[in-house]
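Text of final-v2.pdb, listed as PDB, C-alpha atoms and all ligand atoms:
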```pdb
MODEL        1
ATOM      1  CA  MET L   1      18.699 -22.599   5.709
ATOM      2  CA  PHE L   2      17.807 -19.552   3.614
ATOM      3  CA  THR L   3      20.271 -16.672   3.341
ATOM      4  CA  LEU L   4      18.862 -13.231   2.666
ATOM      5  CA  ALA L   5      21.199 -10.285   2.091
ATOM      6  CA  HIS L   6      19.961  -6.768   2.744
ATOM      7  CA  LEU L   7      21.467  -3.589   1.346
ATOM      8  CA  SER L   8      20.030  -0.112   1.168
ATOM      9  CA  ASP L   9      20.621   3.521   0.290
ATOM     10  CA  ILE L  10      22.753   2.910  -2.765
ATOM     11  CA  HIS L  11      22.844   6.632  -3.726
ATOM     12  CA  LEU L  12      24.447   5.637  -6.998
ATOM     13  CA  SER L  13      27.320   7.813  -8.177
ATOM     14  CA  PRO L  14      28.637   9.571 -10.156
ATOM     15  CA  LEU L  15      25.708  11.861 -10.802
ATOM     16  CA  PRO L  16      24.823  12.177 -14.499
ATOM     17  CA  ARG L  17      25.021  15.593 -16.106
ATOM     18  CA  ALA L  18      21.855  17.585 -15.335
ATOM     19  CA  ARG L  19      20.291  20.021 -17.793
ATOM     20  CA  ARG L  20      19.431  23.429 -16.413
ATOM     21  CA  ARG L  21      15.692  22.952 -16.825
ATOM     22  CA  GLN L  22      15.894  19.642 -14.918
ATOM     23  CA  LEU L  23      17.146  21.603 -11.935
ATOM     24  CA  LEU L  24      14.199  24.028 -11.852
ATOM     25  CA  SER L  25      12.632  22.050  -8.997
ATOM     26  CA  LYS L  26      13.505  20.538  -5.623
ATOM     27  CA  ARG L  27      16.421  18.977  -7.497
ATOM     28  CA  ILE L  28      18.435  22.212  -7.311
ATOM     29  CA  LEU L  29      18.852  21.798  -3.531
ATOM     30  CA  GLY L  30      19.866  18.168  -3.905
ATOM     31  CA  TYR L  31      22.252  19.152  -6.688
ATOM     32  CA  VAL L  32      23.999  21.733  -4.508
ATOM     33  CA  ASN L  33      24.071  19.304  -1.565
ATOM     34  CA  TRP L  34      25.536  16.591  -3.747
ATOM     35  CA  HIS L  35      28.380  18.711  -5.053
ATOM     36  CA  ARG L  36      29.082  20.306  -1.670
ATOM     37  CA  GLY L  37      29.340  17.084   0.276
ATOM     38  CA  ARG L  38      27.351  13.994  -0.577
ATOM     39  CA  LYS L  39      29.529  13.056  -3.546
ATOM     40  CA  PHE L  40      32.446  12.628  -1.123
ATOM     41  CA  VAL L  41      30.305  10.401   1.101
ATOM     42  CA  HIS L  42      28.559   8.074  -1.364
ATOM     43  CA  ARG L  43      31.340   6.471  -3.359
ATOM     44  CA  ARG L  44      30.925   4.137  -6.295
ATOM     45  CA  GLU L  45      34.163   2.265  -5.523
ATOM     46  CA  ILE L  46      32.921   1.504  -1.994
ATOM     47  CA  LEU L  47      29.596   0.222  -3.353
ATOM     48  CA  ASP L  48      31.463  -1.955  -5.866
ATOM     49  CA  LEU L  49      33.650  -3.349  -3.075
ATOM     50  CA  LEU L  50      30.561  -4.372  -1.119
ATOM     51  CA  THR L  51      28.649  -5.849  -4.054
ATOM     52  CA  HIS L  52      31.725  -7.822  -5.129
ATOM     53  CA  ASP L  53      31.859  -9.351  -1.630
ATOM     54  CA  LEU L  54      28.128 -10.039  -1.806
ATOM     55  CA  GLY L  55      28.543 -11.798  -5.157
ATOM     56  CA  GLU L  56      31.265 -14.054  -3.763
ATOM     57  CA  ARG L  57      29.114 -15.034  -0.773
ATOM     58  CA  ASP L  58      26.241 -15.822  -3.127
ATOM     59  CA  PRO L  59      23.182 -15.487  -0.838
ATOM     60  CA  ASP L  60      19.863 -17.119  -1.779
ATOM     61  CA  HIS L  61      18.229 -13.723  -2.242
ATOM     62  CA  ILE L  62      19.059  -9.996  -2.074
ATOM     63  CA  ALA L  63      16.757  -7.207  -0.816
ATOM     64  CA  VAL L  64      17.456  -3.581  -1.771
ATOM     65  CA  THR L  65      15.423  -1.124   0.300
ATOM     66  CA  GLY L  66      15.488   2.094  -1.673
ATOM     67  CA  ASP L  67      17.345   5.323  -2.354
ATOM     68  CA  LEU L  68      18.998   3.841  -5.415
ATOM     69  CA  VAL L  69      19.303   7.307  -6.972
ATOM     70  CA  ASN L  70      19.847  10.853  -5.728
ATOM     71  CA  LEU L  71      17.959  13.603  -7.580
ATOM     72  CA  GLY L  72      15.459  11.614  -9.609
ATOM     73  CA  LEU L  73      17.055  12.490 -12.974
ATOM     74  CA  PRO L  74      15.757  10.175 -15.746
ATOM     75  CA  GLU L  75      19.328   9.074 -16.538
ATOM     76  CA  GLU L  76      19.837   8.018 -12.896
ATOM     77  CA  TYR L  77      16.990   5.470 -13.114
ATOM     78  CA  LEU L  78      18.546   3.907 -16.210
ATOM     79  CA  ARG L  79      21.919   3.657 -14.506
ATOM     80  CA  ALA L  80      20.286   2.158 -11.416
ATOM     81  CA  ALA L  81      18.510  -0.427 -13.605
ATOM     82  CA  ASP L  82      21.891  -1.332 -15.048
ATOM     83  CA  TRP L  83      23.332  -1.618 -11.528
ATOM     84  CA  LEU L  84      20.461  -3.912 -10.505
ATOM     85  CA  HIS L  85      21.120  -6.145 -13.535
ATOM     86  CA  HIS L  86      24.737  -6.496 -12.441
ATOM     87  CA  LEU L  87      23.636  -7.297  -8.888
ATOM     88  CA  GLY L  88      21.475 -10.199 -10.007
ATOM     89  CA  SER L  89      18.462 -11.360 -11.977
ATOM     90  CA  PRO L  90      14.972 -10.140 -10.983
ATOM     91  CA  ASP L  91      14.348 -13.623  -9.564
ATOM     92  CA  ASP L  92      17.211 -13.173  -7.131
ATOM     93  CA  VAL L  93      16.838  -9.499  -6.223
ATOM     94  CA  THR L  94      13.841  -7.645  -4.758
ATOM     95  CA  ALA L  95      13.875  -3.839  -4.771
ATOM     96  CA  ILE L  96      11.609  -1.155  -3.316
ATOM     97  CA  PRO L  97      11.831   2.633  -3.753
ATOM     98  CA  GLY L  98      13.006   5.198  -1.184
ATOM     99  CA  ASN L  99      12.334   8.922  -0.859
ATOM    100  CA  HIS L 100      15.190   9.815  -3.232
ATOM    101  CA  ASP L 101      13.617   7.570  -5.877
ATOM    102  CA  ALA L 102      10.482   9.758  -5.644
ATOM    103  CA  TYR L 103      12.468  13.002  -5.418
ATOM    104  CA  VAL L 104      10.248  14.763  -7.940
ATOM    105  CA  ARG L 105       7.002  13.637  -9.543
ATOM    106  CA  LEU L 106       8.010  11.632 -12.602
ATOM    107  CA  HIS L 107       6.052   9.294 -14.853
ATOM    108  CA  PRO L 108       7.014   5.707 -13.865
ATOM    109  CA  GLU L 109       8.067   5.049 -17.467
ATOM    110  CA  ARG L 110      10.859   7.578 -17.012
ATOM    111  CA  GLY L 111      11.574   6.609 -13.412
ATOM    112  CA  THR L 112      11.179   3.536 -11.228
ATOM    113  CA  GLY L 113       9.354   1.727 -14.067
ATOM    114  CA  HIS L 114      12.820   0.735 -15.315
ATOM    115  CA  TRP L 115      13.153  -1.430 -12.177
ATOM    116  CA  GLN L 116       9.748  -3.095 -12.538
ATOM    117  CA  PRO L 117      10.979  -6.719 -12.880
ATOM    118  CA  TYR L 118      12.639  -6.265  -9.467
ATOM    119  CA  MET L 119       9.528  -4.692  -7.953
ATOM    120  CA  GLU L 120       6.856  -7.289  -8.533
ATOM    121  CA  SER L 121       5.619 -10.531  -6.999
ATOM    122  CA  ASN L 122       6.788 -13.973  -8.098
ATOM    123  CA  ALA L 123       4.304 -16.692  -9.056
ATOM    124  CA  ALA L 124       4.429 -18.369  -5.619
ATOM    125  CA  GLY L 125       3.871 -15.003  -3.919
ATOM    126  CA  GLU L 126       1.050 -13.961  -6.246
ATOM    127  CA  ALA L 127      -0.699 -17.282  -5.548
ATOM    128  CA  LEU L 128      -0.806 -16.313  -1.865
ATOM    129  CA  PHE L 129      -1.551 -12.607  -2.212
ATOM    130  CA  ALA L 130      -2.717 -10.843  -5.373
ATOM    131  CA  THR L 131      -0.789  -7.592  -5.919
ATOM    132  CA  PRO L 132      -3.105  -4.549  -5.646
ATOM    133  CA  LYS L 133      -3.396  -2.271  -8.688
ATOM    134  CA  ASP L 134      -1.024   0.340  -7.229
ATOM    135  CA  GLY L 135       1.724  -2.311  -7.157
ATOM    136  CA  PHE L 136       2.365  -2.374  -3.385
ATOM    137  CA  PRO L 137       2.580  -4.394  -1.316
ATOM    138  CA  PHE L 138       3.766  -7.227  -3.519
ATOM    139  CA  VAL L 139       4.665 -10.636  -2.155
ATOM    140  CA  ARG L 140       7.461 -12.991  -3.112
ATOM    141  CA  ARG L 141       7.691 -16.480  -1.722
ATOM    142  CA  PHE L 142      10.796 -18.624  -1.532
ATOM    143  CA  GLY L 143       9.934 -21.890   0.201
ATOM    144  CA  ASP L 144       9.330 -21.106   3.873
ATOM    145  CA  VAL L 145      10.212 -17.423   3.495
ATOM    146  CA  GLY L 146       7.692 -14.801   2.386
ATOM    147  CA  ILE L 147       8.758 -11.250   1.515
ATOM    148  CA  ILE L 148       6.200  -8.430   1.738
ATOM    149  CA  ALA L 149       7.523  -5.377  -0.099
ATOM    150  CA  LEU L 150       6.112  -1.929   0.717
ATOM    151  CA  SER L 151       6.579   1.523  -0.773
ATOM    152  CA  SER L 152       6.866   4.486   1.595
ATOM    153  CA  ALA L 153       8.256   6.694  -1.187
ATOM    154  CA  ILE L 154       6.261   9.866  -1.815
ATOM    155  CA  PRO L 155       7.280  13.159  -3.447
ATOM    156  CA  THR L 156       7.691  15.836  -0.760
ATOM    157  CA  MET L 157       8.472  19.540  -0.375
ATOM    158  CA  PRO L 158      12.097  20.718  -0.280
ATOM    159  CA  PHE L 159      13.904  19.879   2.997
ATOM    160  CA  VAL L 160      11.406  17.077   3.689
ATOM    161  CA  ALA L 161      12.366  13.401   3.334
ATOM    162  CA  ALA L 162       9.298  11.884   4.972
ATOM    163  CA  GLY L 163       7.489   8.752   3.844
ATOM    164  CA  LYS L 164       3.977   7.422   3.959
ATOM    165  CA  LEU L 165       2.284   4.083   3.338
ATOM    166  CA  GLY L 166      -1.299   5.299   3.221
ATOM    167  CA  LYS L 167      -4.575   3.662   4.244
ATOM    168  CA  ASP L 168      -4.844   1.196   1.355
ATOM    169  CA  GLN L 169      -1.318  -0.146   1.629
ATOM    170  CA  LEU L 170      -1.629  -0.525   5.406
ATOM    171  CA  SER L 171      -4.809  -2.537   5.060
ATOM    172  CA  PHE L 172      -3.293  -4.726   2.306
ATOM    173  CA  LEU L 173      -0.278  -5.218   4.567
ATOM    174  CA  ALA L 174      -2.516  -6.522   7.354
ATOM    175  CA  SER L 175      -4.131  -9.092   5.074
ATOM    176  CA  ALA L 176      -0.796 -10.153   3.538
ATOM    177  CA  LEU L 177       0.695 -10.695   7.019
ATOM    178  CA  ASP L 178      -2.332 -12.809   8.000
ATOM    179  CA  ARG L 179      -2.201 -14.837   4.793
ATOM    180  CA  LEU L 180       1.514 -15.593   5.041
ATOM    181  CA  GLY L 181       1.187 -16.227   8.775
ATOM    182  CA  ARG L 182      -1.538 -18.829   8.184
ATOM    183  CA  GLU L 183       0.812 -20.528   5.764
ATOM    184  CA  GLY L 184       3.447 -20.740   8.528
ATOM    185  CA  LEU L 185       5.986 -18.690   6.575
ATOM    186  CA  PHE L 186       8.843 -16.630   7.951
ATOM    187  CA  ARG L 187       7.555 -13.145   7.108
ATOM    188  CA  VAL L 188      10.046 -10.470   6.043
ATOM    189  CA  VAL L 189       8.696  -6.934   5.531
ATOM    190  CA  LEU L 190      10.713  -4.509   3.398
ATOM    191  CA  ILE L 191      10.219  -0.758   3.827
ATOM    192  CA  HIS L 192      12.542   2.179   3.146
ATOM    193  CA  HIS L 193      11.751   4.398   6.146
ATOM    194  CA  PRO L 194      12.377   3.380   9.777
ATOM    195  CA  PRO L 195       8.879   2.108  10.539
ATOM    196  CA  LEU L 196       8.455   2.713  14.289
ATOM    197  CA  PRO L 197       7.256   5.932  15.946
ATOM    198  CA  GLY L 198      10.128   8.045  17.274
ATOM    199  CA  GLN L 199      12.770   6.528  15.011
ATOM    200  CA  ALA L 200      13.012   9.648  12.841
ATOM    201  CA  SER L 201      11.983  13.312  13.006
ATOM    202  CA  TRP L 202       8.728  14.614  11.496
ATOM    203  CA  ALA L 203      10.581  15.862   8.415
ATOM    204  CA  ARG L 204      12.364  12.537   7.802
ATOM    205  CA  GLY L 205      10.060   9.962   9.303
ATOM    206  CA  LEU L 206       7.250   7.659   8.289
ATOM    207  CA  ARG L 207       4.022   9.628   8.706
ATOM    208  CA  ASP L 208       1.947   6.578   9.542
ATOM    209  CA  ALA L 209       4.489   4.852  11.812
ATOM    210  CA  LYS L 210       1.965   4.492  14.659
ATOM    211  CA  LYS L 211      -0.504   2.718  12.396
ATOM    212  CA  PHE L 212       2.272   0.506  11.022
ATOM    213  CA  ARG L 213       3.275  -0.514  14.560
ATOM    214  CA  GLU L 214      -0.339  -1.316  15.441
ATOM    215  CA  ILE L 215      -0.645  -3.584  12.403
ATOM    216  CA  LEU L 216       2.650  -5.237  13.267
ATOM    217  CA  ARG L 217       1.473  -5.875  16.843
ATOM    218  CA  LYS L 218      -1.853  -7.272  15.755
ATOM    219  CA  HIS L 219      -0.859  -9.350  12.714
ATOM    220  CA  GLY L 220       2.797 -10.194  13.445
ATOM    221  CA  ALA L 221       5.922 -10.453  11.288
ATOM    222  CA  GLU L 222       9.255 -12.072  11.960
ATOM    223  CA  LEU L 223      11.699  -9.569  10.432
ATOM    224  CA  VAL L 224      11.351  -5.983   9.175
ATOM    225  CA  LEU L 225      14.215  -4.544   7.118
ATOM    226  CA  HIS L 226      14.647  -0.847   6.371
ATOM    227  CA  GLY L 227      17.176   1.822   5.408
ATOM    228  CA  HIS L 228      16.958   5.658   5.186
ATOM    229  CA  ASP L 229      18.891   6.472   8.366
ATOM    230  CA  HIS L 230      22.230   5.215   7.029
ATOM    231  CA  ARG L 231      22.831   3.617  10.457
ATOM    232  CA  GLN L 232      22.700   0.155  11.958
ATOM    233  CA  THR L 233      19.810  -0.211  14.411
ATOM    234  CA  VAL L 234      18.057  -3.248  15.887
ATOM    235  CA  ARG L 235      14.654  -2.950  17.575
ATOM    236  CA  GLU L 236      12.086  -5.439  18.747
ATOM    237  CA  VAL L 237       8.291  -5.249  18.921
ATOM    238  CA  ASP L 238       6.090  -7.764  20.722
ATOM    239  CA  THR L 239       3.384  -9.014  18.419
ATOM    240  CA  ALA L 240       0.467 -11.418  18.598
ATOM    241  CA  THR L 241       2.646 -14.075  16.957
ATOM    242  CA  GLY L 242       5.904 -13.442  18.870
ATOM    243  CA  PRO L 243       8.737 -10.921  18.589
ATOM    244  CA  ALA L 244       9.226  -8.923  15.387
ATOM    245  CA  ILE L 245      12.834  -7.820  14.862
ATOM    246  CA  ILE L 246      13.281  -4.491  13.045
ATOM    247  CA  VAL L 247      16.713  -3.835  11.553
ATOM    248  CA  GLY L 248      18.052  -0.740   9.805
ATOM    249  CA  VAL L 249      21.220  -1.042   7.749
ATOM    250  CA  PRO L 250      23.778   1.705   6.902
ATOM    251  CA  SER L 251      24.113   2.968   3.337
ATOM    252  CA  ALA L 252      25.815   0.553   0.934
ATOM    253  CA  SER L 253      28.046   3.285  -0.498
ATOM    254  CA  GLU L 254      29.140   5.340   2.540
ATOM    255  CA  ALA L 255      32.869   6.093   2.498
ATOM    256  CA  VAL L 256      34.998   5.009   5.457
ATOM    257  CA  GLY L 257      35.618   7.757   8.038
ATOM    258  CA  THR L 258      32.525   9.944   7.556
ATOM    259  CA  ARG L 259      30.120  10.933  10.366
ATOM    260  CA  ARG L 260      27.989   7.873   9.585
ATOM    261  CA  PRO L 261      29.026   4.198   9.717
ATOM    262  CA  ALA L 262      30.978   2.889   6.731
ATOM    263  CA  ALA L 263      29.126   1.050   3.966
ATOM    264  CA  ARG L 264      27.624  -2.217   5.167
ATOM    265  CA  TYR L 265      25.189  -4.910   4.232
ATOM    266  CA  ASN L 266      23.652  -7.577   6.438
ATOM    267  CA  GLU L 267      23.084 -11.238   5.781
ATOM    268  CA  TYR L 268      20.355 -13.193   7.549
ATOM    269  CA  ASN L 269      20.675 -16.933   7.957
ATOM    270  CA  ILE L 270      17.106 -18.085   8.506
ATOM    271  CA  GLU L 271      16.265 -21.624   9.575
ATOM    272  CA  LYS L 272      13.463 -23.474  11.313
ATOM    273  CA  ALA L 273      14.145 -24.258  14.960
ATOM    274  CA  GLY L 274      11.575 -26.324  16.834
ATOM    275  CA  ASN L 275       8.243 -24.574  16.447
ATOM    276  CA  GLY L 276       9.879 -21.280  15.592
ATOM    277  CA  TRP L 277      12.846 -19.755  13.809
ATOM    278  CA  ARG L 278      16.507 -19.170  14.347
ATOM    279  CA  VAL L 279      17.876 -16.033  12.706
ATOM    280  CA  GLU L 280      21.508 -15.082  12.687
ATOM    281  CA  MET L 281      22.637 -11.694  11.363
ATOM    282  CA  VAL L 282      26.080 -11.274   9.820
ATOM    283  CA  GLY L 283      27.289  -7.721   9.137
ATOM    284  CA  ARG L 284      29.745  -7.175   6.277
ATOM    285  CA  ALA L 285      31.316  -3.693   6.210
ATOM    286  CA  ALA L 286      33.850  -1.749   4.166
ATOM    287  CA  ALA L 287      37.186  -1.137   5.891
ATOM    288  CA  SER L 288      39.882   1.464   5.193
ATOM    289  CA  ASN L 289      42.172  -1.113   3.527
ATOM    290  CA  ASP L 290      39.734  -1.662   0.628
ATOM    291  CA  GLN L 291      38.564  -4.918   2.190
ATOM    292  CA  VAL L 292      35.189  -6.050   3.452
ATOM    293  CA  TRP L 293      35.180  -7.551   6.934
ATOM    294  CA  GLU L 294      32.706  -9.305   9.176
ATOM    295  CA  CYS L 295      31.881  -6.475  11.582
ATOM    296  CA  GLU L 296      29.144  -8.310  13.497
ATOM    297  CA  ARG L 297      27.666 -11.762  13.962
ATOM    298  CA  ARG L 298      24.681 -12.065  16.221
ATOM    299  CA  VAL L 299      21.743 -14.378  16.798
ATOM    300  CA  LEU L 300      18.624 -12.176  16.598
ATOM    301  CA  ARG L 301      16.086 -14.793  17.563
ATOM    302  CA  GLU L 302      16.039 -18.416  18.516
ATOM    303  CA  CYS L 303      12.435 -19.378  19.006
TER
HETATM  304 FE    FE L 401      19.340   7.409   1.862
HETATM  305 FE    FE L 402      15.965   7.807   2.379
ENDMDL
END
```

Would it be possible to restate this file's structure as structure tokens?
Amino acid sequence: MFTLAHLSDIHLSPLPRARRRQLLSKRILGYVNWHRGRKFVHRREILDLLTHDLGERDPDHIAVTGDLVNLGLPEEYLRAADWLHHLGSPDDVTAIPGNHDAYVRLHPERGTGHWQPYMESNAAGEALFATPKDGFPFVRRFGDVGIIALSSAIPTMPFVAAGKLGKDQLSFLASALDRLGREGLFRVVLIHHPPLPGQASWARGLRDAKKFREILRKHGAELVLHGHDHRQTVREVDTATGPAIIVGVPSASEAVGTRRPAARYNEYNIEKAGNGWRVEMVGRAAASNDQVWECERRVLREC
């Protein structure tokens, strides 16, 4: 059995002090939004509650699917790197960026480059699929489980939180899925945006969702994990190799009692069953009494 934990949309707080010239961009809108409301929603103490629970349960691996920061301030990336180090070693944690991590155009050295050890293949993954020069998708392999990590994070205009994979990444994804499929691995795809058409509006959605779904249908995957919506959703797509389960998880820092579900992470217990796989999902959510409780336990597939 392999246990994979999935958390997303960290929206790390508190926000570092921003200099005036750093706000002469799309950041000014995010800054106003943060101080008007989001800072009451994304709470550090809630995130800490969840990650403490996660640490005690000690899964085999942790996937973090983006939106680690809020406004893309250089100091935020450093703080997020520090948070990742506390979560686990780069061998035990895989991270991908979300739209907030590409809030403004920033040289990687000042931005997501600080998370690089968490955003690259491992030796077993690289042996199966060589990482393209743009860095995505990268593959990590842990025994029978193969993780394909994508980046849908692109800088966008104000009021737009859309994502895009692009032609190259989509075609690399197709070959990675084939390669891992031939190897008989349980394929997990990580992406920040909800990847199916109709899951999000034009302004918030994945621009190439239709193409992504076509690739999924044709090449197959067992599990697709995403964030961005700050809600729990489970979808299924029929593929050439059987059902692909697509799961979105709420934000890992959402306070209890907001319009969205309270902070939650999911655990997947993955094991071989006959010629296929058995996957059980366990939801762990923050409650109002400063505890984390098992809010859901459900078998997602058994074939
Ligand atoms: Fe988010
Ligand atoms: Fe997002």

Practice prompt. Just the residues within 10 Å of L:Thr258, please, counting all atoms listed in the file, with nothing from its chain fewer than 3 positions along; format it as a list in words.
Written response: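 Skipping anything fewer than 3 positions along the chain leaves Phe40, Val41, His42, Glu254, Ala255, Pro261 and Ala262 of chain L.
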
Worksheet entry | Shortest interatomic distance to ligand FE 402 (chain L) - which of L:Phe212, L:Phe2, L:Tyr103, L:Tyr77, counting only C-alpha atoms and all ligand atoms |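 Among L:Phe212, L:Phe2, L:Tyr103, L:Tyr77, it is L:Tyr103 that comes nearest to ligand FE 402 (chain L).
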
Once the PyMOL selection byres (((chain L and resi 277-292) around 10) and not hetatm) is applied to the coordinates I shared, what remains selected? I want it as a PDB file with C-alpha atoms, keeping the file's coordinate frame.
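Output file out.pdb is given in full below:
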```
ATOM      1  CA  MET L   1      18.699 -22.599   5.709  1.00  0.00           C
ATOM      2  CA  PHE L   2      17.807 -19.552   3.614  1.00  0.00           C
ATOM      3  CA  THR L   3      20.271 -16.672   3.341  1.00  0.00           C
ATOM      4  CA  LEU L   4      18.862 -13.231   2.666  1.00  0.00           C
ATOM      5  CA  ALA L   5      21.199 -10.285   2.091  1.00  0.00           C
ATOM      6  CA  HIS L   6      19.961  -6.768   2.744  1.00  0.00           C
ATOM      7  CA  GLU L  45      34.163   2.265  -5.523  1.00  0.00           C
ATOM      8  CA  ILE L  46      32.921   1.504  -1.994  1.00  0.00           C
ATOM      9  CA  LEU L  47      29.596   0.222  -3.353  1.00  0.00           C
ATOM     10  CA  LEU L  49      33.650  -3.349  -3.075  1.00  0.00           C
ATOM     11  CA  LEU L  50      30.561  -4.372  -1.119  1.00  0.00           C
ATOM     12  CA  THR L  51      28.649  -5.849  -4.054  1.00  0.00           C
ATOM     13  CA  HIS L  52      31.725  -7.822  -5.129  1.00  0.00           C
ATOM     14  CA  ASP L  53      31.859  -9.351  -1.630  1.00  0.00           C
ATOM     15  CA  LEU L  54      28.128 -10.039  -1.806  1.00  0.00           C
ATOM     16  CA  PHE L 186       8.843 -16.630   7.951  1.00  0.00           C
ATOM     17  CA  GLU L 222       9.255 -12.072  11.960  1.00  0.00           C
ATOM     18  CA  LEU L 223      11.699  -9.569  10.432  1.00  0.00           C
ATOM     19  CA  GLN L 232      22.700   0.155  11.958  1.00  0.00           C
ATOM     20  CA  ILE L 245      12.834  -7.820  14.862  1.00  0.00           C
ATOM     21  CA  VAL L 247      16.713  -3.835  11.553  1.00  0.00           C
ATOM     22  CA  VAL L 249      21.220  -1.042   7.749  1.00  0.00           C
ATOM     23  CA  PRO L 250      23.778   1.705   6.902  1.00  0.00           C
ATOM     24  CA  ALA L 252      25.815   0.553   0.934  1.00  0.00           C
ATOM     25  CA  SER L 253      28.046   3.285  -0.498  1.00  0.00           C
ATOM     26  CA  GLU L 254      29.140   5.340   2.540  1.00  0.00           C
ATOM     27  CA  ALA L 255      32.869   6.093   2.498  1.00  0.00           C
ATOM     28  CA  VAL L 256      34.998   5.009   5.457  1.00  0.00           C
ATOM     29  CA  GLY L 257      35.618   7.757   8.038  1.00  0.00           C
ATOM     30  CA  PRO L 261      29.026   4.198   9.717  1.00  0.00           C
ATOM     31  CA  ALA L 262      30.978   2.889   6.731  1.00  0.00           C
ATOM     32  CA  ALA L 263      29.126   1.050   3.966  1.00  0.00           C
ATOM     33  CA  ARG L 264      27.624  -2.217   5.167  1.00  0.00           C
ATOM     34  CA  TYR L 265      25.189  -4.910   4.232  1.00  0.00           C
ATOM     35  CA  ASN L 266      23.652  -7.577   6.438  1.00  0.00           C
ATOM     36  CA  GLU L 267      23.084 -11.238   5.781  1.00  0.00           C
ATOM     37  CA  TYR L 268      20.355 -13.193   7.549  1.00  0.00           C
ATOM     38  CA  ASN L 269      20.675 -16.933   7.957  1.00  0.00           C
ATOM     39  CA  ILE L 270      17.106 -18.085   8.506  1.00  0.00           C
ATOM     40  CA  GLU L 271      16.265 -21.624   9.575  1.00  0.00           C
ATOM     41  CA  LYS L 272      13.463 -23.474  11.313  1.00  0.00           C
ATOM     42  CA  ALA L 273      14.145 -24.258  14.960  1.00  0.00           C
ATOM     43  CA  GLY L 274      11.575 -26.324  16.834  1.00  0.00           C
ATOM     44  CA  ASN L 275       8.243 -24.574  16.447  1.00  0.00           C
ATOM     45  CA  GLY L 276       9.879 -21.280  15.592  1.00  0.00           C
ATOM     46  CA  TRP L 293      35.180  -7.551   6.934  1.00  0.00           C
ATOM     47  CA  GLU L 294      32.706  -9.305   9.176  1.00  0.00           C
ATOM     48  CA  CYS L 295      31.881  -6.475  11.582  1.00  0.00           C
ATOM     49  CA  GLU L 296      29.144  -8.310  13.497  1.00  0.00           C
ATOM     50  CA  ARG L 297      27.666 -11.762  13.962  1.00  0.00           C
ATOM     51  CA  ARG L 298      24.681 -12.065  16.221  1.00  0.00           C
ATOM     52  CA  VAL L 299      21.743 -14.378  16.798  1.00  0.00           C
ATOM     53  CA  LEU L 300      18.624 -12.176  16.598  1.00  0.00           C
ATOM     54  CA  ARG L 301      16.086 -14.793  17.563  1.00  0.00           C
ATOM     55  CA  GLU L 302      16.039 -18.416  18.516  1.00  0.00           C
ATOM     56  CA  CYS L 303      12.435 -19.378  19.006  1.00  0.00           C
TER      57      CYS L 303
END
```

Worksheet item: What is the atom CA of L:Leu84 to atom CA of L:Tyr118 distance in Å?
Response: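 These two atoms are separated by 8.2 Å.
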
Item to complete: Work out how far apart atom CA of L:Gly111 and atom CA of L:Pro194 are and give it in Å to one decimal.
Response: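 Atom-to-atom, atom CA of L:Gly111 to atom CA of L:Pro194, that is 23.4 Å.
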
With only C-alpha atoms and all ligand atoms counted, collect every polymer residue having an atom within 10 Å of ligand FE 401 (chain L); state the result as a short mmCIF file (atom, residue, chain, number, x, y, z; two decimals) with C-alpha atoms, keeping the file's coordinate frame.
```cif
data_model
loop_
_atom_site.label_atom_id
_atom_site.label_comp_id
_atom_site.auth_asym_id
_atom_site.auth_seq_id
_atom_site.Cartn_x
_atom_site.Cartn_y
_atom_site.Cartn_z
CA SER L 8 20.03 -0.11 1.17
CA ASP L 9 20.62 3.52 0.29
CA ILE L 10 22.75 2.91 -2.76
CA HIS L 11 22.84 6.63 -3.73
CA HIS L 42 28.56 8.07 -1.36
CA THR L 65 15.42 -1.12 0.30
CA GLY L 66 15.49 2.09 -1.67
CA ASP L 67 17.34 5.32 -2.35
CA LEU L 68 19.00 3.84 -5.42
CA VAL L 69 19.30 7.31 -6.97
CA ASN L 70 19.85 10.85 -5.73
CA GLY L 98 13.01 5.20 -1.18
CA ASN L 99 12.33 8.92 -0.86
CA HIS L 100 15.19 9.82 -3.23
CA ASP L 101 13.62 7.57 -5.88
CA ALA L 161 12.37 13.40 3.33
CA HIS L 192 12.54 2.18 3.15
CA HIS L 193 11.75 4.40 6.15
CA GLY L 227 17.18 1.82 5.41
CA HIS L 228 16.96 5.66 5.19
CA ASP L 229 18.89 6.47 8.37
CA HIS L 230 22.23 5.22 7.03
CA PRO L 250 23.78 1.70 6.90
CA SER L 251 24.11 2.97 3.34
CA ALA L 252 25.82 0.55 0.93
CA SER L 253 28.05 3.28 -0.50
#
```

Discussion item. One number please: atom CA of L:Asp48 to atom CA of L:Arg105, in Å, one decimal.
Written reply: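 So the answer is 29.2 Å.
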
Centre and edge lengths, as JSON, for the axis-aligned box enclosing every listed atom of stretch 232-243 of chain L with 6 Å of padding on each of the six sides, in Å to one decimal?
```
{"center_x": 11.6, "center_y": -7.0, "center_z": 16.3, "size_x": 34.2, "size_y": 26.2, "size_z": 20.8}
```

Worksheet item: Using all atoms listed in the file, which of the listed residues (L:Met157, L:Leu150, L:Leu173, L:Met119) sits closest to L:Leu190?
Response: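 Using all atoms listed in the file, L:Leu190 sits closest to L:Leu150.
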
Practice prompt. Quick one: apply the PyMOL selection byres (((chain L and resi 187) around 8) and not hetatm) to the file and drop the selected residues here as a list of chain:residue names.
Written response: L:Val145, L:Gly146, L:Ile147, L:Ile148, L:Leu177, L:Leu180, L:Gly181, L:Leu185, L:Phe186, L:Val188, L:Val189, L:Ala221, L:Glu222, L:Leu223

Item to complete: Might you spell out which residues the PyMOL selection byres (((chain L and resi 76) around 10) and not hetatm) would select in the displayed file, as a list in words?
Response: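 Those residues are His11, Leu12, Ser13, Pro14, Leu15, Pro16, Arg17, Leu68, Val69, Asn70, Leu71, Gly72, Leu73, Pro74, Glu75, Tyr77, Leu78, Arg79, Ala80, Ala81, Asp82, Asp101, Arg110, Gly111 and Thr112 of chain L.
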